[in-house]
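This report refers to the structure that appears directly beneath it.
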Amino acid sequence: MRRSLGLLTASGLMSVLLTACATVAPTPVPEPVPPPTPAPVVRPEPIAAPAVPVPRPATPLRPATTSASPSAAPLPPADIVPLQFNQTAFESLPNWAETDVGAARRALVRSCAISQARAKDQLLSTVATYSGRVGDWAGVCALAQDPSLEDRSFWESQFQVWRVSTEATEIGRLTGYYEPIMAASRVKTPVFSEPIQSRPSDLFEIDLGQFDATLRNRAIVARMDRGKVVPYWSRAQINENTAPVLAWGEPAEVLSLQVQGSGRLQFDDGTQVRAAFAAHNGHRFGSNAQELIRRGALPVNGASMDAIKTWFKTASPKEAREVLNANPRTVFFQLEPIKDPSAGPKGGQQAALEANGSLAVDTSYHAYGVPIFLAADAPRVAISTDVSLRRLVVAQDTGGAIRGPIRGDLYWGTGPEAGLRAGRINHDVRFWVLLPKGISPTSANSGR
């Protein structure tokens, strides 16, 4: 969702808007001239640039493959710090006995349905090699669907706990995100004036790991200009004809939709569709909240999402456009039917996210499908009602701002209440990974 979400990658309400999100792409230099205005198209097919692979919008970039044997783990990216693992017991996990572990089991079942379709000798992740091979998870994936095995007994009998740290620290950061529900229109109106756009036909991504193994999980977003690969247009340079319009929303609501990476559009006839992450333009995230603070429109300690939305309702179109353009990054979507209203959007692994059971992580460190117990304390947001959090979750998503070995973004679910909870999460956090018994992350990680 956020990578995509990549599930695309950004998190919570106030906490995300106040923090400039990182992205896997380097900061592009915008063209000094406005883009051309091609004729509108309804559903463009990606145009392949010469000698440049164009991935399907819904498919995350895959690491480069090599001719090495299945037992050979490739070199990690150059900027990845080694993880350290210490074996421990379930009893040592903070409040383990009182923690709800059912949501994580449901999430694991969905992850297993995807991972177990792969060859058994493949690494679960070619970067996060500590997680073992696909076949190492076959047993726990089968038992996860056994209704006769109680949730806590399933985890305790099948998994071993490993505390995660680096040489420098065992403390990281936890934020939250959710799936908003926003009013939308199929036509432009004075109220619904901001376009929700689909992936442009001239946008493509280059997986840098295909050229240099140390750049795995790094990509650039680009277009072709007179035979040269150049950065894609910034938000200010993109217009209604550059990328086909799917629907229209209020400016602040569309901004929130782009931050979260996915959402549900509610039309006036009562129908709902999901706006799912399709791509982004590769520019770094710029904080609209910081821009409003800089202009003196909002106080430093009052730039909440509610305050930002209120400002947009009274701002002139010129002012609103200037504040929107302060964030050069924009997100493109694709519309999907909502077959199961209780199911969340798909994350970077392409599994439907589970409220309070799915976590967005940095996939340079952690593999999709790995269960993680997190203990979060010391909230960095004064309004947080969740002084401490204890969750068992599964890594199923990623995001542009989710960078680091102990960095997580907790998915809270769909709707306004989930949004309130997600927006209050900005905590210090510790990680423990749960691996099937028999996997030793210390030996698998020794070459990193």
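Residue numbers start at 1 in each chain; chains themselves are named A, B, ... in the order of the structure tokens; ligands are numbered from 1 in the order shown.
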
If you run DSSP over the backbone, which residues in segment 213-272 of chain A end up alpha helix (DSSP H)? Put them as a compact mmCIF listing (two decimals) with C-alpha atoms, in the first residue's frame.
```
# COMPACT_ATOMS: atom_id res chain seq x y z
CA PRO A 251 -7.28 19.11 -2.25
CA ALA A 252 -6.50 18.25 1.38
CA GLU A 253 -8.21 14.87 1.10
CA VAL A 254 -6.25 13.97 -2.03
CA LEU A 255 -3.07 15.02 -0.25
CA SER A 256 -3.95 12.68 2.64
CA LEU A 257 -4.73 9.88 0.16
CA GLN A 258 -1.28 10.28 -1.38
CA VAL A 259 0.44 10.23 2.01
CA GLN A 260 -1.31 7.01 3.00
```

* To do: Please provide as a PyMOL selection string all residues within 9 Å of Lys120 of chain A, with the sequence filter that same-chain residues fewer than 3 positions apart are discarded (counting only C-alpha atoms).
  => chain A and resi 116-117+123+133-138

Writer output for current selection, C-alpha atoms, as an mmCIF file, in the first residue's frame:
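File written: part-v8.cif
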```cif
data_model
loop_
_atom_site.group_PDB
_atom_site.id
_atom_site.type_symbol
_atom_site.label_atom_id
_atom_site.label_comp_id
_atom_site.auth_asym_id
_atom_site.auth_seq_id
_atom_site.Cartn_x
_atom_site.Cartn_y
_atom_site.Cartn_z
ATOM 1 C CA GLN A 116 4.876 -20.701 -0.736
ATOM 2 C CA ALA A 117 4.047 -20.386 -4.442
ATOM 3 C CA LEU A 123 15.781 -17.293 -0.305
ATOM 4 C CA ARG A 133 14.511 -20.130 2.404
ATOM 5 C CA VAL A 134 10.947 -20.566 1.230
ATOM 6 C CA GLY A 135 11.028 -24.258 2.127
ATOM 7 C CA ASP A 136 12.049 -23.452 5.708
ATOM 8 C CA TRP A 137 8.609 -21.896 6.177
ATOM 9 C CA ALA A 138 6.538 -24.686 4.617
#
```

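Distances here use only C-alpha atoms; by that measure, the residue among A:Gln334, A:Ser440, A:Ser125, A:Asn301 closest to His366 of chain A is A:Ser125.
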
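Near segment 191-202 of chain A, within 7 Å and counting only C-alpha atoms, sit A:Pro44, A:Glu45, A:Pro46, A:Ile47, A:Ala184, A:Ser185, A:Arg223, A:Thr242, A:Ala243, A:Pro244, A:Val245, A:Leu246, A:Ala247, A:Trp248, A:Gly249, A:Glu250, A:Pro251, A:Val254, A:Ala278, A:Ala279, A:Phe332, A:Phe333, A:Gln334, not including residues fewer than 6 positions from it in the same chain.
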
Put those residues in a file: C-alpha atoms, as a short mmCIF file (atom, residue, chain, number, x, y, z; two decimals), in the first residue's frame.
```cif
data_model
loop_
_atom_site.label_atom_id
_atom_site.label_comp_id
_atom_site.auth_asym_id
_atom_site.auth_seq_id
_atom_site.Cartn_x
_atom_site.Cartn_y
_atom_site.Cartn_z
CA PRO A 44 -2.58 3.99 -21.29
CA GLU A 45 -0.22 1.09 -21.56
CA PRO A 46 3.33 1.78 -20.31
CA ILE A 47 5.62 2.75 -23.18
CA ALA A 184 -15.00 11.91 -4.45
CA SER A 185 -16.62 13.00 -7.69
CA ARG A 223 10.94 9.42 -18.55
CA THR A 242 -0.07 14.50 -18.35
CA ALA A 243 -1.70 11.69 -16.36
CA PRO A 244 -5.29 10.48 -16.96
CA VAL A 245 -7.77 11.57 -14.27
CA LEU A 246 -9.62 8.79 -12.43
CA ALA A 247 -11.73 10.95 -10.12
CA TRP A 248 -11.73 14.28 -8.28
CA GLY A 249 -11.44 15.09 -4.59
CA GLU A 250 -10.92 17.97 -2.21
CA PRO A 251 -7.28 19.11 -2.25
CA VAL A 254 -6.25 13.97 -2.03
CA ALA A 278 0.20 2.43 -8.82
CA ALA A 279 3.37 4.55 -8.89
CA PHE A 332 -0.61 7.81 -9.00
CA PHE A 333 -3.38 5.28 -8.45
CA GLN A 334 -5.45 2.58 -10.09
#
```

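Between atom CA of His280 of chain A and atom CA of Gly404 of chain A the interatomic distance comes to 21.0 Å.
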
* Asked: Pick from A:Tyr178, A:Phe204, A:Trp311, A:Trp432: nearest to Val221 of chain A, with only C-alpha atoms counted?
  -> A:Phe204

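For the pair atom CA of Val140 of chain A and atom CA of Gly348 of chain A, the interatomic distance is 21.8 Å.
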
* To do: Would you please work out which residue, of A:Ala355, A:Ile80, A:Leu208, A:Ala395, is nearest to Ala103 of chain A when using only C-alpha atoms?
  => A:Ala355

Test item: residues at most 8 Å from Ala360 of chain A, only C-alpha atoms, excluding those fewer than 4 positions along its chain, as a PDB file with N, CA and C atoms, in the first residue's frame:
```pdb
ATOM      1  N   ARG A   2       1.898   1.253   0.916  1.00  0.00           N
ATOM      2  CA  ARG A   2       2.733   2.435   0.985  1.00  0.00           C
ATOM      3  C   ARG A   2       3.923   2.353   0.068  1.00  0.00           C
ATOM      4  N   ALA A 395       5.573  -8.581   8.570  1.00  0.00           N
ATOM      5  CA  ALA A 395       6.095  -7.632   7.590  1.00  0.00           C
ATOM      6  C   ALA A 395       5.426  -7.886   6.242  1.00  0.00           C
ATOM      7  N   GLN A 396       4.615  -6.927   5.784  1.00  0.00           N
ATOM      8  CA  GLN A 396       3.875  -7.108   4.533  1.00  0.00           C
ATOM      9  C   GLN A 396       3.873  -5.893   3.630  1.00  0.00           C
ATOM     10  N   ASP A 397       4.539  -4.830   4.039  1.00  0.00           N
ATOM     11  CA  ASP A 397       4.478  -3.596   3.268  1.00  0.00           C
ATOM     12  C   ASP A 397       5.781  -2.825   3.442  1.00  0.00           C
ATOM     13  N   THR A 398       5.933  -1.763   2.687  1.00  0.00           N
ATOM     14  CA  THR A 398       7.088  -0.877   2.824  1.00  0.00           C
ATOM     15  C   THR A 398       6.657   0.515   2.426  1.00  0.00           C
ATOM     16  N   GLY A 399       7.558   1.481   2.474  1.00  0.00           N
ATOM     17  CA  GLY A 399       7.212   2.848   2.135  1.00  0.00           C
ATOM     18  C   GLY A 399       8.452   3.701   1.984  1.00  0.00           C
ATOM     19  N   ILE A 402      10.084   4.622   5.206  1.00  0.00           N
ATOM     20  CA  ILE A 402      10.392   3.518   6.129  1.00  0.00           C
ATOM     21  C   ILE A 402      11.790   3.035   5.813  1.00  0.00           C
ATOM     22  N   GLY A 408       9.394   0.788  11.698  1.00  0.00           N
ATOM     23  CA  GLY A 408       8.140   0.158  11.320  1.00  0.00           C
ATOM     24  C   GLY A 408       7.017   1.154  11.190  1.00  0.00           C
ATOM     25  N   ASP A 409       6.018   0.788  10.402  1.00  0.00           N
ATOM     26  CA  ASP A 409       4.815   1.589  10.190  1.00  0.00           C
ATOM     27  C   ASP A 409       3.630   0.644  10.368  1.00  0.00           C
ATOM     28  N   LEU A 410       2.890   0.805  11.444  1.00  0.00           N
ATOM     29  CA  LEU A 410       1.825  -0.129  11.813  1.00  0.00           C
ATOM     30  C   LEU A 410       0.527   0.232  11.105  1.00  0.00           C
ATOM     31  N   TYR A 411      -0.065  -0.750  10.424  1.00  0.00           N
ATOM     32  CA  TYR A 411      -1.325  -0.540   9.717  1.00  0.00           C
ATOM     33  C   TYR A 411      -2.485  -0.690  10.696  1.00  0.00           C
TER      34      TYR A 411
END
```

* Asked: Hey, what's within 9 Å of segment 81-95 of chain A if we count only C-alpha atoms and toss same-chain stuff fewer than 2 positions away? As an NGL selection string, please?
  -> :A and (78-79 or 97-99 or 156 or 160-167 or 365 or 373-375 or 390 or 404-405 or 432-433 or 441-442 or 445-446 or 448)

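All residues in segment 249-335 of chain A with a DSSP state of strand (DSSP E), computed from the backbone, read Gly249, Gly263, Arg264, Leu265, Gln266, Gln272, Val273, Arg274, Ala275, Ala276, Phe277, Ala278, Ala279, His280, Val331, Phe332, Phe333, Gln334 and Leu335 of chain A.
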
Go ahead and write the selection's residues with N, CA and C atoms as a PDB file, in the first residue's frame.
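The new file out_15.pdb reads:
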```
ATOM      1  N   GLY A 249     -11.212  14.988  -6.023  1.00  0.00           N
ATOM      2  CA  GLY A 249     -11.438  15.094  -4.588  1.00  0.00           C
ATOM      3  C   GLY A 249     -11.092  16.476  -4.088  1.00  0.00           C
ATOM      4  N   GLY A 263      -6.621   4.290  -0.564  1.00  0.00           N
ATOM      5  CA  GLY A 263      -7.824   4.731   0.132  1.00  0.00           C
ATOM      6  C   GLY A 263      -9.075   4.321  -0.620  1.00  0.00           C
ATOM      7  N   ARG A 264     -10.204   4.534   0.013  1.00  0.00           N
ATOM      8  CA  ARG A 264     -11.491   4.219  -0.609  1.00  0.00           C
ATOM      9  C   ARG A 264     -12.169   5.523  -1.035  1.00  0.00           C
ATOM     10  N   LEU A 265     -12.664   5.542  -2.273  1.00  0.00           N
ATOM     11  CA  LEU A 265     -13.377   6.699  -2.793  1.00  0.00           C
ATOM     12  C   LEU A 265     -14.873   6.455  -2.679  1.00  0.00           C
ATOM     13  N   GLN A 266     -15.568   7.400  -2.045  1.00  0.00           N
ATOM     14  CA  GLN A 266     -17.014   7.297  -1.842  1.00  0.00           C
ATOM     15  C   GLN A 266     -17.686   8.308  -2.764  1.00  0.00           C
ATOM     16  N   GLN A 272     -18.517   2.648  -3.738  1.00  0.00           N
ATOM     17  CA  GLN A 272     -17.152   2.797  -3.263  1.00  0.00           C
ATOM     18  C   GLN A 272     -16.207   2.010  -4.163  1.00  0.00           C
ATOM     19  N   VAL A 273     -15.033   2.574  -4.417  1.00  0.00           N
ATOM     20  CA  VAL A 273     -13.962   1.861  -5.091  1.00  0.00           C
ATOM     21  C   VAL A 273     -12.670   2.144  -4.334  1.00  0.00           C
ATOM     22  N   ARG A 274     -11.704   1.296  -4.528  1.00  0.00           N
ATOM     23  CA  ARG A 274     -10.414   1.512  -3.870  1.00  0.00           C
ATOM     24  C   ARG A 274      -9.450   2.179  -4.845  1.00  0.00           C
ATOM     25  N   ALA A 275      -8.833   3.265  -4.412  1.00  0.00           N
ATOM     26  CA  ALA A 275      -7.737   3.876  -5.144  1.00  0.00           C
ATOM     27  C   ALA A 275      -6.456   3.251  -4.614  1.00  0.00           C
ATOM     28  N   ALA A 276      -5.899   2.330  -5.373  1.00  0.00           N
ATOM     29  CA  ALA A 276      -4.712   1.587  -4.948  1.00  0.00           C
ATOM     30  C   ALA A 276      -3.464   2.212  -5.551  1.00  0.00           C
ATOM     31  N   PHE A 277      -2.381   2.174  -4.808  1.00  0.00           N
ATOM     32  CA  PHE A 277      -1.108   2.727  -5.251  1.00  0.00           C
ATOM     33  C   PHE A 277      -0.684   2.092  -6.578  1.00  0.00           C
ATOM     34  N   ALA A 278      -0.292   2.923  -7.528  1.00  0.00           N
ATOM     35  CA  ALA A 278       0.198   2.425  -8.817  1.00  0.00           C
ATOM     36  C   ALA A 278       1.639   2.842  -9.078  1.00  0.00           C
ATOM     37  N   ALA A 279       2.009   4.053  -8.663  1.00  0.00           N
ATOM     38  CA  ALA A 279       3.370   4.547  -8.889  1.00  0.00           C
ATOM     39  C   ALA A 279       3.496   5.905  -8.221  1.00  0.00           C
ATOM     40  N   HIS A 280       4.725   6.424  -8.174  1.00  0.00           N
ATOM     41  CA  HIS A 280       4.948   7.801  -7.769  1.00  0.00           C
ATOM     42  C   HIS A 280       5.936   8.422  -8.751  1.00  0.00           C
ATOM     43  N   VAL A 331       1.630  10.943  -6.140  1.00  0.00           N
ATOM     44  CA  VAL A 331       1.348   9.508  -6.206  1.00  0.00           C
ATOM     45  C   VAL A 331       0.252   9.270  -7.231  1.00  0.00           C
ATOM     46  N   PHE A 332       0.396   8.203  -8.007  1.00  0.00           N
ATOM     47  CA  PHE A 332      -0.607   7.813  -9.001  1.00  0.00           C
ATOM     48  C   PHE A 332      -1.306   6.542  -8.532  1.00  0.00           C
ATOM     49  N   PHE A 333      -2.553   6.364  -8.960  1.00  0.00           N
ATOM     50  CA  PHE A 333      -3.383   5.278  -8.449  1.00  0.00           C
ATOM     51  C   PHE A 333      -4.001   4.461  -9.583  1.00  0.00           C
ATOM     52  N   GLN A 334      -4.588   3.351  -9.201  1.00  0.00           N
ATOM     53  CA  GLN A 334      -5.446   2.577 -10.087  1.00  0.00           C
ATOM     54  C   GLN A 334      -6.692   2.211  -9.288  1.00  0.00           C
ATOM     55  N   LEU A 335      -7.851   2.232  -9.937  1.00  0.00           N
ATOM     56  CA  LEU A 335      -9.103   1.937  -9.248  1.00  0.00           C
ATOM     57  C   LEU A 335      -9.364   0.441  -9.251  1.00  0.00           C
TER      58      LEU A 335
END
```

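Atom to atom, atom CA of Lys346 of chain A and atom CA of Ala422 of chain A stand 17.7 Å apart.
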
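Excluding Cys141 of chain A itself and same-chain residues fewer than 3 positions from it, the residues having an atom within 10 Å of it are A:Arg105, A:Leu108, A:Val109, A:Arg110, A:Ser111, A:Cys112, A:Ala113, A:Ser115, A:Gln116, A:Gly135, A:Asp136, A:Trp137, A:Ala138, A:Ala144, A:Gln145, A:Asp146, A:Pro436, counting only C-alpha atoms.
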
Could you dump the residues just selected with C-alpha atoms as a compact mmCIF listing (two decimals), in the first residue's frame?
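The resulting result_23.txt:
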```txt
# COMPACT_ATOMS: atom_id res chain seq x y z
CA ARG A 105 -1.68 -15.30 12.42
CA LEU A 108 0.83 -14.85 8.17
CA VAL A 109 -1.67 -17.06 6.33
CA ARG A 110 -1.95 -14.42 3.60
CA SER A 111 1.81 -14.00 3.37
CA CYS A 112 2.30 -17.76 3.16
CA ALA A 113 -0.15 -18.00 0.26
CA SER A 115 5.64 -16.98 -0.53
CA GLN A 116 4.88 -20.70 -0.74
CA GLY A 135 11.03 -24.26 2.13
CA ASP A 136 12.05 -23.45 5.71
CA TRP A 137 8.61 -21.90 6.18
CA ALA A 138 6.54 -24.69 4.62
CA ALA A 144 -1.01 -21.63 10.43
CA GLN A 145 -4.21 -22.81 8.73
CA ASP A 146 -4.92 -25.55 11.29
CA PRO A 436 10.62 -21.12 12.39
```

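Candidate residues A:Lys313, A:Gly102, A:Arg173, A:Arg118 were compared for distance to Glu150 of chain A, and the nearest is A:Gly102, using only C-alpha atoms.
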